[in-house]
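Shown below: start-v4.cif, with mmCIF, C-alpha atoms.
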```cif
data_run
#
loop_
_atom_site.label_atom_id
_atom_site.label_comp_id
_atom_site.auth_asym_id
_atom_site.auth_seq_id
_atom_site.Cartn_x
_atom_site.Cartn_y
_atom_site.Cartn_z
CA MET A 1222 92.42 65.92 204.27
CA LYS A 1223 94.54 62.96 203.25
CA ARG A 1224 93.17 59.44 203.13
CA ALA A 1225 95.15 56.20 203.06
CA PHE A 1226 93.96 53.05 201.33
CA LEU A 1227 95.55 49.73 202.29
CA ILE A 1228 94.65 47.06 199.76
CA PRO A 1229 95.92 43.46 199.98
CA LEU A 1230 96.83 41.92 196.62
CA VAL A 1231 98.26 38.57 195.58
CA LEU A 1232 101.57 40.18 194.67
CA GLY A 1233 101.91 42.46 197.68
CA LEU A 1234 100.48 45.57 199.27
CA VAL A 1235 99.73 48.92 197.71
CA CYS A 1236 98.76 52.20 199.27
CA SER A 1237 97.69 55.50 197.72
CA LEU A 1238 97.61 59.00 199.14
CA THR A 1239 94.91 61.43 198.05
CA PRO A 1240 96.70 64.39 196.41
CA PHE A 1241 97.34 67.66 198.20
CA SER A 1242 96.97 71.03 196.48
CA ALA A 1243 98.81 74.25 197.24
CA SER A 1244 98.05 77.82 196.27
CA ALA A 1245 101.63 79.08 196.55
CA ALA A 1246 105.11 77.64 196.91
CA SER A 1247 108.79 78.46 196.80
CA VAL A 1248 110.68 78.02 193.51
CA SER A 1249 113.99 76.80 194.95
CA ALA A 1250 115.05 73.16 195.37
CA PRO A 1251 118.02 71.64 197.14
CA ASP A 1252 121.03 70.23 195.32
CA ILE A 1253 120.79 66.44 195.53
CA THR A 1254 124.17 64.70 195.57
CA THR A 1255 123.52 61.35 197.25
CA SER A 1256 121.39 58.27 196.66
CA VAL A 1257 120.16 55.71 199.15
CA VAL A 1258 119.54 52.86 196.68
CA SER A 1259 121.74 50.60 194.55
CA GLU A 1260 122.16 50.87 190.77
CA SER A 1261 119.93 47.84 190.16
CA GLU A 1262 117.21 49.36 192.34
CA ALA A 1263 117.59 52.65 190.46
CA TYR A 1264 117.08 50.71 187.20
CA ASN A 1265 113.85 49.21 188.58
CA ALA A 1266 112.66 52.67 189.63
CA GLU A 1267 113.29 54.20 186.22
CA ARG A 1268 111.51 51.27 184.59
CA VAL A 1269 108.43 52.13 186.69
CA ALA A 1270 108.52 55.69 185.31
CA VAL A 1271 108.73 54.33 181.75
CA LEU A 1272 105.71 52.10 182.35
CA VAL A 1273 103.77 55.03 183.82
CA ASN A 1274 104.43 57.07 180.68
CA GLN A 1275 103.37 54.19 178.45
CA LEU A 1276 100.06 54.05 180.29
CA ARG A 1277 99.61 57.82 180.16
CA LYS A 1278 100.23 57.86 176.40
CA GLU A 1279 97.76 55.01 175.91
CA ASN A 1280 95.17 57.14 177.72
CA GLY A 1281 95.88 60.30 175.73
CA LEU A 1282 97.80 62.05 178.51
CA SER A 1283 101.10 63.91 178.45
CA GLU A 1284 104.14 62.09 179.79
CA VAL A 1285 105.71 62.94 183.14
CA LYS A 1286 109.37 63.77 183.61
CA ILE A 1287 111.67 62.68 186.41
CA VAL A 1288 112.89 65.37 188.80
CA PRO A 1289 116.08 64.37 190.69
CA THR A 1290 114.78 65.94 193.90
CA LEU A 1291 111.61 63.85 193.70
CA ASN A 1292 113.70 60.73 193.11
CA HIS A 1293 115.74 61.53 196.20
CA MET A 1294 112.58 62.04 198.24
CA ALA A 1295 111.17 58.75 196.93
CA ASP A 1296 114.42 57.02 197.93
CA ILE A 1297 113.94 58.28 201.47
CA ARG A 1298 110.31 57.20 201.51
CA ALA A 1299 111.15 53.71 200.21
CA LYS A 1300 113.46 53.15 203.16
CA GLU A 1301 110.84 54.55 205.51
CA ILE A 1302 108.03 52.27 204.30
CA ALA A 1303 110.34 49.28 204.83
CA VAL A 1304 110.11 50.22 208.51
CA LYS A 1305 106.52 51.51 208.58
CA PHE A 1306 104.22 50.88 205.63
CA ASP A 1307 102.20 54.06 205.86
CA HIS A 1308 101.90 57.47 204.23
CA LEU A 1309 102.74 59.01 207.59
CA ARG A 1310 106.49 59.14 207.98
CA PRO A 1311 108.19 57.65 211.06
CA ASP A 1312 108.34 61.13 212.61
CA GLY A 1313 104.56 61.53 212.18
CA THR A 1314 104.67 64.04 209.32
CA GLY A 1315 103.03 63.53 205.94
CA LEU A 1316 103.67 64.20 202.27
CA GLN A 1317 102.67 67.86 202.49
CA GLU A 1318 105.29 68.56 205.15
CA PHE A 1319 107.82 66.54 203.13
CA VAL A 1320 107.51 68.68 199.99
CA GLN A 1321 107.61 71.83 202.09
CA GLU A 1322 110.80 70.59 203.74
CA TYR A 1323 112.43 70.47 200.28
CA ASN A 1324 111.01 73.87 199.24
CA LEU A 1325 109.45 72.37 196.15
CA ASN A 1326 107.58 74.60 193.73
CA TRP A 1327 104.32 72.67 193.82
CA ARG A 1328 100.62 73.05 193.19
CA LYS A 1329 99.52 69.43 193.64
CA VAL A 1330 101.28 66.34 194.95
CA GLY A 1331 100.35 62.69 195.45
CA GLU A 1332 102.00 59.45 196.49
CA ASN A 1333 101.61 55.73 195.72
CA ILE A 1334 103.45 53.12 197.79
CA ALA A 1335 103.66 49.34 197.51
CA LYS A 1336 105.62 46.39 198.86
CA GLY A 1337 106.08 42.76 197.94
CA GLN A 1338 105.89 43.05 194.14
CA ALA A 1339 108.84 41.33 192.45
CA THR A 1340 109.20 43.51 189.34
CA PRO A 1341 108.43 47.04 188.11
CA GLU A 1342 105.70 45.54 185.92
CA ASP A 1343 104.11 43.83 188.92
CA ALA A 1344 104.20 47.03 190.97
CA VAL A 1345 102.59 49.14 188.26
CA ASN A 1346 100.05 46.42 187.52
CA SER A 1347 99.09 46.34 191.21
CA TRP A 1348 98.59 50.10 191.30
CA MET A 1349 96.59 50.09 188.08
CA ASN A 1350 94.23 47.46 189.51
CA SER A 1351 93.31 49.81 192.38
CA PRO A 1352 91.18 52.89 191.59
CA LYS A 1353 93.02 55.38 193.81
CA HIS A 1354 96.47 54.37 192.57
CA ARG A 1355 95.27 54.39 188.98
CA GLU A 1356 93.88 57.88 189.56
CA ASN A 1357 97.32 59.17 190.55
CA ILE A 1358 99.07 57.49 187.59
CA LEU A 1359 96.54 58.84 185.10
CA ASP A 1360 95.98 62.28 186.65
CA PRO A 1361 96.25 64.76 183.73
CA ASN A 1362 97.49 67.51 186.06
CA TYR A 1363 100.76 65.84 186.97
CA GLN A 1364 103.90 66.89 185.10
CA TYR A 1365 106.66 65.30 187.16
CA ILE A 1366 107.45 62.09 188.98
CA GLY A 1367 109.94 60.63 191.42
CA VAL A 1368 110.25 56.86 191.83
CA SER A 1369 112.19 54.55 194.10
CA CYS A 1370 112.66 50.83 194.57
CA TYR A 1371 114.31 49.51 197.74
CA TYR A 1372 114.98 45.88 198.70
CA ALA A 1373 114.71 45.08 202.40
CA ASN A 1374 113.28 42.34 204.60
CA GLY A 1375 113.18 39.93 201.68
CA MET A 1376 111.04 42.10 199.41
CA TYR A 1377 110.98 45.19 197.22
CA HIS A 1378 109.39 48.43 198.40
CA TRP A 1379 108.09 50.83 195.75
CA VAL A 1380 107.31 54.56 195.90
CA GLN A 1381 105.89 57.02 193.37
CA ILE A 1382 105.66 60.76 194.09
CA PHE A 1383 103.69 62.82 191.56
CA LEU A 1384 103.92 66.59 191.26
CA LYS A 1385 102.20 69.46 189.52
CA ALA A 1386 104.57 72.43 189.65
CA GLY A 1387 103.99 76.15 189.48
CA ALA A 1388 107.02 76.62 187.19
CA PRO A 1389 109.12 74.28 185.01
CA TYR A 1390 111.96 72.26 186.54
CA THR A 1391 115.01 72.59 184.31
CA SER A 1392 116.57 69.53 185.92
CA ALA A 1393 113.70 67.27 184.79
CA TYR A 1394 114.37 64.56 182.21
CA MET A 1395 112.44 61.86 180.39
CA PRO A 1396 112.75 58.36 181.88
CA ARG A 1397 115.21 56.13 180.04
CA ASN A 1398 113.76 52.88 178.75
CA PHE A 1399 116.76 50.71 179.59
CA GLY A 1400 117.12 47.85 177.12
CA ASP A 1401 115.32 49.62 174.25
CA VAL A 1402 118.46 50.11 172.16
CA ASN A 1403 116.62 50.58 168.85
CA ASP A 1404 114.30 53.28 170.24
CA ASP A 1405 111.06 51.64 169.14
CA GLY A 1406 109.42 51.95 172.56
CA VAL A 1407 109.55 48.27 173.51
CA VAL A 1408 112.17 45.96 175.02
CA ASP A 1409 112.23 42.76 173.01
CA GLY A 1410 114.31 40.08 171.34
CA VAL A 1411 115.57 42.52 168.69
CA ASP A 1412 117.16 44.65 171.40
CA ALA A 1413 118.76 41.58 173.01
CA THR A 1414 120.19 40.45 169.67
CA THR A 1415 121.55 43.93 168.94
CA VAL A 1416 123.30 44.11 172.30
CA LEU A 1417 124.75 40.63 171.86
CA THR A 1418 126.01 41.61 168.39
CA ASP A 1419 127.61 44.75 169.78
CA TYR A 1420 129.32 42.75 172.55
CA ALA A 1421 130.59 40.14 170.09
CA ARG A 1422 132.06 42.76 167.76
CA ARG A 1423 133.78 44.70 170.52
CA SER A 1424 135.15 41.48 171.99
CA VAL A 1425 137.22 40.90 168.84
CA GLY A 1426 138.31 44.50 168.45
CA VAL A 1427 135.73 45.52 165.86
CA GLN A 1428 133.65 48.68 166.22
CA GLY A 1429 130.30 47.97 167.86
CA VAL A 1430 126.89 48.81 166.48
CA LEU A 1431 125.81 50.98 169.43
CA ASP A 1432 126.88 54.56 170.11
CA GLU A 1433 127.59 55.82 173.64
CA PRO A 1434 124.03 56.91 174.54
CA HIS A 1435 122.68 53.53 173.45
CA LEU A 1436 125.43 51.69 175.30
CA ASP A 1437 124.14 53.40 178.42
CA ILE A 1438 120.60 52.25 177.58
CA ALA A 1439 121.94 48.71 177.02
CA ASP A 1440 123.71 48.55 180.38
CA MET A 1441 120.95 46.70 182.25
CA THR A 1442 123.12 45.82 185.25
CA ARG A 1443 124.35 49.44 185.51
CA ASP A 1444 127.93 48.24 185.99
CA GLY A 1445 129.49 50.28 183.17
CA ILE A 1446 129.98 47.22 180.94
CA VAL A 1447 127.75 45.99 178.12
CA ASN A 1448 128.05 42.25 177.58
CA ALA A 1449 126.12 38.99 177.25
CA VAL A 1450 124.70 39.42 180.76
CA ASP A 1451 122.94 42.59 179.63
CA ALA A 1452 121.63 40.88 176.50
CA THR A 1453 120.25 38.06 178.66
CA SER A 1454 118.65 40.59 181.02
CA ILE A 1455 116.96 42.34 178.09
CA PHE A 1456 115.62 39.04 176.78
CA THR A 1457 114.37 38.16 180.26
CA VAL A 1458 112.48 41.47 180.47
CA TYR A 1459 110.98 40.75 177.06
CA VAL A 1460 109.78 37.28 178.02
CA ARG A 1461 108.44 38.47 181.39
CA ASN A 1462 106.54 41.36 179.83
CA SER A 1463 105.08 39.10 177.17
CA VAL A 1464 103.27 37.02 179.77
CA SER A 1465 102.69 39.30 182.77
CA PHE A 1466 102.02 42.90 181.75
#
```

Please lay out the structure from this file as structure tokens.
Amino acid sequence: MKRAFLIPLVLGLVCSLTPFSASAASVSAPDITTSVVSESEAYNAERVAVLVNQLRKENGLSEVKIVPTLNHMADIRAKEIAVKFDHLRPDGTGLQEFVQEYNLNWRKVGENIAKGQATPEDAVNSWMNSPKHRENILDPNYQYIGVSCYYANGMYHWVQIFLKAGAPYTSAYMPRNFGDVNDDGVVDGVDATTVLTDYARRSVGVQGVLDEPHLDIADMTRDGIVNAVDATSIFTVYVRNSVSF
């Protein structure tokens, strides 16, 4: 039996769904080719997954990987909760029916939703300050995650879908910590300086200091260009995290 918890917080609303368990499931998953959120919203979503893994590591738990299908489902849910903030979908079905609709190979699944939080850090902080949401984030059984962030009605809407699967998902990947160009696990002033240096060198025709994978990590605006705007964004993340999370 699922239970919903609606908890008012200063930064917004959060809601957690008690996990479902399954004894058997199909192993096939649909090919996902479309997205319902913008690149900046996708960045926010992936940042949430990074923060979740940081918390899991701090608590001695294995990290979760992103599954594209779960991301797609979370994108759908984010748009739905902008219309109706509830674990029941607008058509009256719940999370269990949703995963069955996508033929997911699952053994356990849970969902956290939130609205009104301005940043990924705020959203995760809100969930962690509520026992049921914290329980989902730190559940040792979960292996996979899907996350979405959707801006509508003057606020962000956040969704996490957690999954324990019966077999590995080959499409799963580790969340990318956008902005962490020196791979030390944090986004800080060193990263901002490195990106600014790379931009300055390339601007005068000199080879940059970042290779292609790290240029992707540096592209905070997800516009295909790494420049001073990205360096500023990285520094902003650093300052914000230093005082709020």

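The two atoms in question, atom CA of Asp1451 of chain A and atom CA of Trp1379 of chain A, are spaced 23.4 Å apart.
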
Carefully work through the PyMOL selection byres ((chain A and resi 1429) around 12) for this structure and note down the residues it includes, as a short mmCIF file (atom, residue, chain, number, x, y, z; two decimals) with C-alpha atoms, in the frame of the given file.
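File written: selection.cif
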```
data_model
loop_
_atom_site.label_atom_id
_atom_site.label_comp_id
_atom_site.auth_asym_id
_atom_site.auth_seq_id
_atom_site.Cartn_x
_atom_site.Cartn_y
_atom_site.Cartn_z
CA THR A 1415 121.55 43.93 168.94
CA VAL A 1416 123.30 44.11 172.30
CA LEU A 1417 124.75 40.63 171.86
CA THR A 1418 126.01 41.61 168.39
CA ASP A 1419 127.61 44.75 169.78
CA TYR A 1420 129.32 42.75 172.55
CA ALA A 1421 130.59 40.14 170.09
CA ARG A 1422 132.06 42.76 167.76
CA ARG A 1423 133.78 44.70 170.52
CA SER A 1424 135.15 41.48 171.99
CA VAL A 1425 137.22 40.90 168.84
CA GLY A 1426 138.31 44.50 168.45
CA VAL A 1427 135.73 45.52 165.86
CA GLN A 1428 133.65 48.68 166.22
CA VAL A 1430 126.89 48.81 166.48
CA LEU A 1431 125.81 50.98 169.43
CA ASP A 1432 126.88 54.56 170.11
CA GLU A 1433 127.59 55.82 173.64
CA HIS A 1435 122.68 53.53 173.45
CA LEU A 1436 125.43 51.69 175.30
CA VAL A 1447 127.75 45.99 178.12
CA ASN A 1448 128.05 42.25 177.58
#
```

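Proximity of A:Ser1392, A:Asn1357, A:Ser1351, A:Ser1369 to Glu1260 of chain A, computed with all atoms listed in the file, is greatest for A:Ser1369.
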
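Proximity to Phe1456 of chain A at 10 Å, evaluated using all atoms listed in the file and with sequence-adjacent residues fewer than 3 positions away removed, yields Gly1400, Val1408, Asp1409, Gly1410, Val1411, Asp1412, Ala1413, Thr1414, Val1450, Asp1451, Ala1452, Thr1453, Tyr1459, Val1460, Arg1461 and Asn1462 of chain A.
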
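Residue nearest Ser1283 of chain A within the list A:Gln1364, A:Asn1350, A:Ser1454, A:Asn1403: A:Gln1364 [criterion: smallest interatomic distance, only C-alpha atoms].
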
For this session: Apply the PyMOL selection byres ((chain A and resi 1356) around 12) to the structure shown and report the selected residues as JSON, numbers by chain.
Result: {"A": [1237, 1238, 1239, 1240, 1273, 1276, 1277, 1280, 1331, 1332, 1333, 1348, 1349, 1350, 1351, 1352, 1353, 1354, 1355, 1357, 1358, 1359, 1360, 1361, 1362, 1363, 1383]}

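Separating atom CA of Val1285 of chain A from atom CA of Asp1312 of chain A is a distance of 29.6 Å.
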
For this session: Given the file shown, determine the residues that the PyMOL selection byres ((chain A and resi 1298-1311) around 7) selects; report them as an NGL selection string.
Result: :A and (1225 or 1238 or 1294-1297 or 1312-1315 or 1369-1371 or 1373 or 1378-1380)

Seminar exercise, completed: In terms of all atoms listed in the file, the residue from A:Glu1262, A:Asp1444, A:Asp1404, A:Asp1437 at minimal distance from Thr1340 of chain A is A:Glu1262

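The gap separating atom CA of Met1441 of chain A from atom CA of Ile1382 of chain A is 23.9 Å, in Å to one decimal.
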